[in-house]
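Structure file data17.csv (CSV, C-alpha atoms) is printed below.
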chain,number,residue,atom,x,y,z
A,7,MET,CA,66.8,77.2,-93.5
A,8,ARG,CA,64.7,78.9,-90.8
A,9,LEU,CA,61.5,76.9,-90.2
A,10,HIS,CA,58.1,78.6,-90.1
A,11,ARG,CA,56.5,78.8,-86.6
A,12,PHE,CA,52.9,78.2,-85.9
A,13,TYR,CA,50.9,78.5,-82.7
A,14,ILE,CA,48.4,75.9,-81.7
A,15,SER,CA,46.1,76.2,-78.7
A,16,GLU,CA,46.2,72.4,-77.9
A,17,PRO,CA,48.9,71.5,-75.3
A,18,ILE,CA,51.6,69.4,-76.9
A,19,GLY,CA,53.6,68.2,-73.9
A,20,SER,CA,55.2,64.8,-74.4
A,21,LYS,CA,53.1,63.8,-77.4
A,22,LYS,CA,54.8,62.2,-80.4
A,23,GLU,CA,51.9,62.9,-82.7
A,24,ILE,CA,49.3,65.7,-82.7
A,25,ILE,CA,46.2,66.2,-84.9
A,26,VAL,CA,45.1,69.8,-85.3
A,27,GLN,CA,41.7,70.7,-86.5
A,28,SER,CA,42.0,74.2,-88.0
A,29,GLU,CA,40.9,75.2,-91.5
A,30,GLN,CA,42.9,78.4,-91.0
A,31,LEU,CA,46.1,76.6,-90.1
A,32,VAL,CA,45.8,74.2,-93.0
A,33,ASN,CA,45.2,77.2,-95.3
A,34,GLN,CA,48.4,78.9,-94.0
A,35,LEU,CA,50.5,75.7,-94.4
A,36,VAL,CA,49.3,74.6,-97.8
A,37,ARG,CA,48.2,77.8,-99.7
A,38,VAL,CA,50.2,80.5,-98.1
A,39,PHE,CA,53.5,78.8,-97.4
A,40,ARG,CA,53.2,76.0,-100.0
A,41,LEU,CA,54.2,73.3,-97.5
A,42,LYS,CA,53.4,69.6,-98.0
A,43,SER,CA,53.6,66.3,-96.3
A,44,GLY,CA,57.2,65.6,-95.2
A,45,ASP,CA,58.0,69.3,-94.6
A,46,SER,CA,59.2,70.4,-91.2
A,47,VAL,CA,57.7,73.3,-89.2
A,48,ILE,CA,57.9,74.6,-85.6
A,49,LEU,CA,54.8,74.3,-83.4
A,50,PHE,CA,54.4,76.0,-80.1
A,51,ASP,CA,51.5,76.0,-77.6
A,52,GLY,CA,52.4,79.0,-75.4
A,53,SER,CA,54.2,76.9,-72.8
A,54,GLY,CA,57.7,78.2,-73.7
A,55,THR,CA,58.8,75.2,-75.8
A,56,ASP,CA,59.2,74.9,-79.6
A,57,TYR,CA,58.5,71.6,-81.2
A,58,GLU,CA,60.0,70.7,-84.5
A,59,SER,CA,57.4,68.7,-86.3
A,60,LEU,CA,56.9,66.9,-89.6
A,61,MET,CA,53.7,67.5,-91.6
A,62,GLN,CA,51.9,64.2,-92.3
A,63,ASP,CA,48.4,63.8,-93.7
A,64,TYR,CA,46.1,66.8,-94.1
A,65,ASP,CA,42.8,67.7,-95.6
A,66,LYS,CA,40.9,71.0,-95.8
A,67,GLN,CA,40.3,71.2,-92.0
A,68,THR,CA,42.8,68.8,-90.3
A,69,VAL,CA,46.5,68.3,-90.3
A,70,THR,CA,48.6,65.6,-88.5
A,71,PHE,CA,52.1,66.3,-87.2
A,72,THR,CA,54.8,64.0,-85.9
A,73,ILE,CA,56.9,65.7,-83.2
A,74,THR,CA,60.6,65.1,-83.9
A,75,LYS,CA,62.3,67.1,-81.2
A,76,SER,CA,61.8,70.0,-78.8
A,77,ALA,CA,63.8,72.9,-77.4
A,78,PRO,CA,63.1,76.0,-75.3
A,79,SER,CA,61.6,78.8,-77.3
A,80,ARG,CA,64.0,81.6,-78.3
A,81,PHE,CA,62.3,84.2,-76.1
A,82,VAL,CA,60.0,83.7,-73.1
A,83,PRO,CA,59.3,86.9,-71.0
A,84,THR,CA,60.1,86.4,-67.3
A,85,ARG,CA,58.2,89.4,-66.1
A,86,HIS,CA,54.5,90.1,-66.1
A,87,ILE,CA,54.0,93.4,-67.9
A,88,SER,CA,50.5,94.6,-68.5
A,89,LEU,CA,50.0,97.3,-71.1
A,90,TYR,CA,47.0,99.5,-70.5
A,91,ALA,CA,46.8,101.5,-73.7
A,92,ALA,CA,44.2,104.1,-74.4
A,93,VAL,CA,41.9,103.2,-77.3
A,94,VAL,CA,43.1,104.9,-80.6
A,95,LYS,CA,42.4,104.4,-84.3
A,96,LYS,CA,42.0,100.8,-85.3
A,97,ASP,CA,45.1,100.6,-87.4
A,98,THR,CA,47.2,102.3,-84.8
A,99,PHE,CA,46.0,100.1,-82.0
A,100,GLU,CA,46.7,97.0,-84.0
A,101,TRP,CA,50.2,98.2,-84.6
A,102,ILE,CA,50.6,98.8,-80.9
A,103,ALA,CA,49.4,95.3,-80.1
A,104,GLU,CA,51.9,93.8,-82.6
A,105,LYS,CA,54.9,95.7,-81.3
A,106,ALA,CA,53.9,95.2,-77.6
A,107,THR,CA,53.9,91.5,-78.3
A,108,GLU,CA,57.3,91.5,-79.9
A,109,LEU,CA,58.7,93.5,-76.9
A,110,GLY,CA,57.3,90.9,-74.4
A,111,VAL,CA,54.1,92.2,-72.7
A,112,THR,CA,52.0,89.6,-70.9
A,113,GLU,CA,48.6,91.2,-71.6
A,114,ILE,CA,47.2,94.1,-73.5
A,115,ILE,CA,44.2,95.9,-72.1
A,116,PRO,CA,42.5,98.7,-74.1
A,117,VAL,CA,41.4,101.7,-71.9
A,118,MET,CA,38.6,104.0,-72.9
A,119,ALA,CA,40.1,107.5,-72.3
A,120,GLU,CA,38.3,110.8,-72.5
A,121,ARG,CA,40.2,111.7,-75.6
A,122,SER,CA,39.9,108.3,-77.3
A,123,GLU,CA,38.9,108.9,-81.0
A,124,LYS,CA,37.4,105.4,-81.4
A,125,LYS,CA,35.0,103.5,-79.1
A,126,HIS,CA,35.3,99.9,-80.4
A,127,LEU,CA,38.0,97.4,-81.2
A,128,ASN,CA,37.8,94.0,-82.8
A,129,GLU,CA,39.2,91.7,-80.1
A,130,GLU,CA,39.2,88.6,-82.3
A,131,ARG,CA,41.4,90.4,-84.9
A,132,LEU,CA,43.7,91.7,-82.2
A,133,GLN,CA,44.2,88.2,-80.8
A,134,LYS,CA,45.1,87.0,-84.3
A,135,ILE,CA,47.6,89.8,-84.6
A,136,VAL,CA,49.4,89.0,-81.3
A,137,ILE,CA,49.5,85.3,-82.3
A,138,GLU,CA,51.2,86.2,-85.6
A,139,ALA,CA,53.6,88.5,-83.8
A,140,SER,CA,54.5,85.7,-81.4
A,141,GLU,CA,55.1,83.3,-84.3
A,142,GLN,CA,57.3,85.8,-86.1
A,143,SER,CA,59.3,87.0,-83.2
A,144,GLY,CA,60.2,83.5,-81.8
A,145,ARG,CA,58.3,84.2,-78.6
A,146,GLY,CA,57.3,81.1,-76.7
A,147,SER,CA,54.1,82.6,-75.2
A,148,VAL,CA,51.2,84.6,-76.5
A,149,PRO,CA,49.8,87.6,-74.7
A,150,THR,CA,46.2,87.9,-73.8
A,151,VAL,CA,44.0,90.8,-75.2
A,152,GLY,CA,41.4,92.1,-72.8
A,153,SER,CA,38.1,93.8,-73.4
A,154,ILE,CA,37.9,97.6,-73.2
A,155,VAL,CA,37.7,98.9,-69.7
A,156,SER,CA,37.3,102.3,-68.1
A,157,LEU,CA,40.3,104.1,-66.5
A,158,LYS,CA,38.7,103.8,-63.1
A,159,GLU,CA,38.1,100.0,-63.5
A,160,SER,CA,41.7,99.4,-64.6
A,161,LEU,CA,43.2,101.3,-61.7
A,162,GLU,CA,41.0,99.6,-59.2
A,163,MET,CA,41.9,96.3,-60.7
A,164,MET,CA,45.7,97.0,-60.2
A,165,MET,CA,45.2,98.4,-56.7
A,166,GLN,CA,43.3,95.2,-55.7
A,167,LYS,CA,46.1,93.0,-57.1
A,168,GLY,CA,48.8,95.1,-55.5
A,169,ILE,CA,50.6,95.6,-58.8
A,170,ALA,CA,53.0,98.4,-59.4
A,171,VAL,CA,51.7,101.0,-61.8
A,172,VAL,CA,53.5,103.7,-63.9
A,173,VAL,CA,51.7,106.2,-66.1
A,174,PHE,CA,53.4,108.0,-69.0
A,175,HIS,CA,52.4,111.6,-69.8
A,176,THR,CA,54.2,114.6,-71.3
A,177,GLU,CA,54.0,116.7,-68.1
A,178,GLY,CA,55.1,114.0,-65.6
A,179,GLU,CA,58.4,113.7,-63.6
A,180,ALA,CA,61.5,112.6,-65.6
A,181,PHE,CA,61.3,108.9,-66.1
A,182,ASP,CA,64.0,106.9,-64.3
A,183,ALA,CA,64.2,103.3,-65.7
A,184,GLY,CA,66.1,102.1,-62.7
A,185,THR,CA,63.0,102.6,-60.6
A,186,TYR,CA,61.2,100.0,-62.6
A,187,SER,CA,63.9,97.3,-62.7
A,188,LYS,CA,63.6,93.6,-62.3
A,189,GLN,CA,62.5,94.0,-58.8
A,190,HIS,CA,59.0,94.8,-60.2
A,191,THR,CA,58.2,91.3,-61.6
A,192,ASN,CA,54.6,92.6,-62.1
A,193,LEU,CA,54.2,96.0,-63.6
A,194,ALA,CA,51.3,97.9,-65.3
A,195,VAL,CA,52.2,100.5,-67.9
A,196,PHE,CA,49.6,103.1,-68.8
A,197,ILE,CA,49.9,105.0,-72.1
A,198,GLY,CA,47.4,107.7,-73.1
A,199,PRO,CA,45.7,108.6,-76.4
A,200,GLU,CA,46.6,111.3,-78.9
A,201,GLY,CA,46.4,114.5,-77.0
A,202,GLY,CA,47.4,112.7,-73.8
A,203,TRP,CA,45.5,112.1,-70.6
A,204,SER,CA,42.9,114.7,-69.6
A,205,PRO,CA,43.2,116.9,-66.5
A,206,ALA,CA,40.5,114.8,-64.8
A,207,GLU,CA,42.3,111.6,-65.7
A,208,LEU,CA,45.6,112.9,-64.3
A,209,GLU,CA,43.7,113.9,-61.1
A,210,MET,CA,42.4,110.3,-60.9
A,211,PHE,CA,46.0,109.0,-61.2
A,212,HIS,CA,47.1,111.3,-58.4
A,213,SER,CA,44.1,110.3,-56.2
A,214,TYR,CA,45.3,106.7,-56.5
A,215,LYS,CA,48.9,107.8,-55.7
A,216,VAL,CA,50.1,106.5,-59.1
A,217,PRO,CA,53.4,107.9,-60.4
A,218,VAL,CA,53.1,110.0,-63.6
A,219,VAL,CA,56.3,110.2,-65.6
A,220,SER,CA,57.5,111.7,-68.8
A,221,LEU,CA,59.7,110.4,-71.6
A,222,GLY,CA,61.0,113.9,-72.4
A,223,ALA,CA,59.9,117.3,-73.6
A,224,GLN,CA,58.9,116.2,-77.1
A,225,VAL,CA,55.3,115.2,-77.8
A,226,LEU,CA,55.1,111.6,-79.0
A,227,ARG,CA,52.4,109.9,-80.9
A,228,ALA,CA,50.6,107.2,-78.9
A,229,GLU,CA,52.2,104.3,-80.7
A,230,THR,CA,55.7,105.9,-80.4
A,231,ALA,CA,55.2,106.4,-76.7
A,232,VAL,CA,54.2,102.7,-76.3
A,233,VAL,CA,57.4,101.4,-78.0
A,234,ALA,CA,59.6,103.9,-76.1
A,235,ALA,CA,58.0,103.2,-72.7
A,236,LEU,CA,58.1,99.4,-73.1
A,237,SER,CA,61.6,99.4,-74.4
A,238,LEU,CA,62.8,101.4,-71.4
A,239,THR,CA,60.8,99.4,-68.8
A,240,MET,CA,61.5,96.0,-70.3
A,241,LEU,CA,64.5,95.8,-72.7
A,242,GLY,CA,66.6,98.1,-70.7
A,243,ASN,CA,66.4,95.8,-67.7
A,244,GLY,CA,65.7,92.5,-69.3
A,245,CYS,CA,62.3,90.8,-69.7
How does the structure come out when it is put into structure tokens?
Amino acid sequence: MRLHRFYISEPIGSKKEIIVQSEQLVNQLVRVFRLKSGDSVILFDGSGTDYESLMQDYDKQTVTFTITKSAPSRFVPTRHISLYAAVVKKDTFEWIAEKATELGVTEIIPVMAERSEKKHLNEERLQKIVIEASEQSGRGSVPTVGSIVSLKESLEMMMQKGIAVVVFHTEGEAFDAGTYSKQHTNLAVFIGPEGGWSPAELEMFHSYKVPVVSLGAQVLRAETAVVAALSLTMLGNGC
């Protein structure tokens, strides 16, 4: 039987026992999954290792685990992929965060674009979503969720760090996945909102000498473009 996986922020390392203080985790274990003392679960702390653990004592806010064995997590991304996604409707952006986590991005940064319909996002809820997606997908790390930034801020950040950038837009050059192979261990992927990047934003990309590429002649929804772009840049060449 497949064991349930749970993320904890406290490093586990070589510990044989760990006490976790989290009312939310206790609620998940006892009320949602109906687990009890003596049941086994998988714990992971984002370090790339899964720890099989036995539930011991628990109360409303605290649970004690005994670590029985450890093994490398099923999936740990080896490349640093940053997703700069234009802010879209709340439900859509949450779906984007979930799927980007499953595909292996390292960080998710919301970008305020000219055509963004929404101006605010719940960062705490987004972080909860990426944790749950990491638990479900067998991923051994959890991506970070950044605060909303402007397009100019995000581009200047990438330029200062010397990170390769690729922008997806319907009117760009044909995308060649081979150009963004494993040689780019750090890569920033920019995806626009519904309606795409504005002419002024495209001009900004060009002024920063950032390549603008297209996934094809069809017009994709923002969330579809995210999955397609990440699949091509990550899964096509390995993560």
- Query: Smallest atom-to-atom distance to Ile73 in chain A: which of A:Val47, A:Leu193, A:Ala106, A:Leu226, using all atoms listed in the file?
  - Reply: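 For Ile73 in chain A, the nearest of the given residues is A:Val47.
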- Residue with smallest distance to Glu100 in chain A - pool A:Gln133, A:Gln224, A:Ser46, A:Ser88, counting only C-alpha atoms: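 Among the listed residues, the smallest separation from Glu100 in chain A belongs to A:Gln133.
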Which neighbours of Leu132 in chain A fall inside 9 Å, counting only C-alpha atoms, when residues of the same chain fewer than 5 positions from it are skipped, and could you give them as a short mmCIF file (atom, residue, chain, number, x, y, z; two decimals) with C-alpha atoms, keeping the file's coordinate frame?
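Okay, out-v2.cif is ready:
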data_model
loop_
_atom_site.label_atom_id
_atom_site.label_comp_id
_atom_site.auth_asym_id
_atom_site.auth_seq_id
_atom_site.Cartn_x
_atom_site.Cartn_y
_atom_site.Cartn_z
CA PHE A 99 46.00 100.10 -82.00
CA GLU A 100 46.70 97.00 -84.00
CA ALA A 103 49.40 95.30 -80.10
CA GLU A 104 51.90 93.80 -82.60
CA LEU A 127 38.00 97.40 -81.20
CA ILE A 137 49.50 85.30 -82.30
CA VAL A 151 44.00 90.80 -75.20
#
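Between CA of Gly110 in chain A and CA of Ala91 in chain A the interatomic distance comes to 14.9 Å.
For the residues A:Thr70, A:Ser122, A:Gln142, A:Ser79, ranking by smallest atom-to-atom distance to Ala228 in chain A using all atoms listed in the file places A:Ser122 first.
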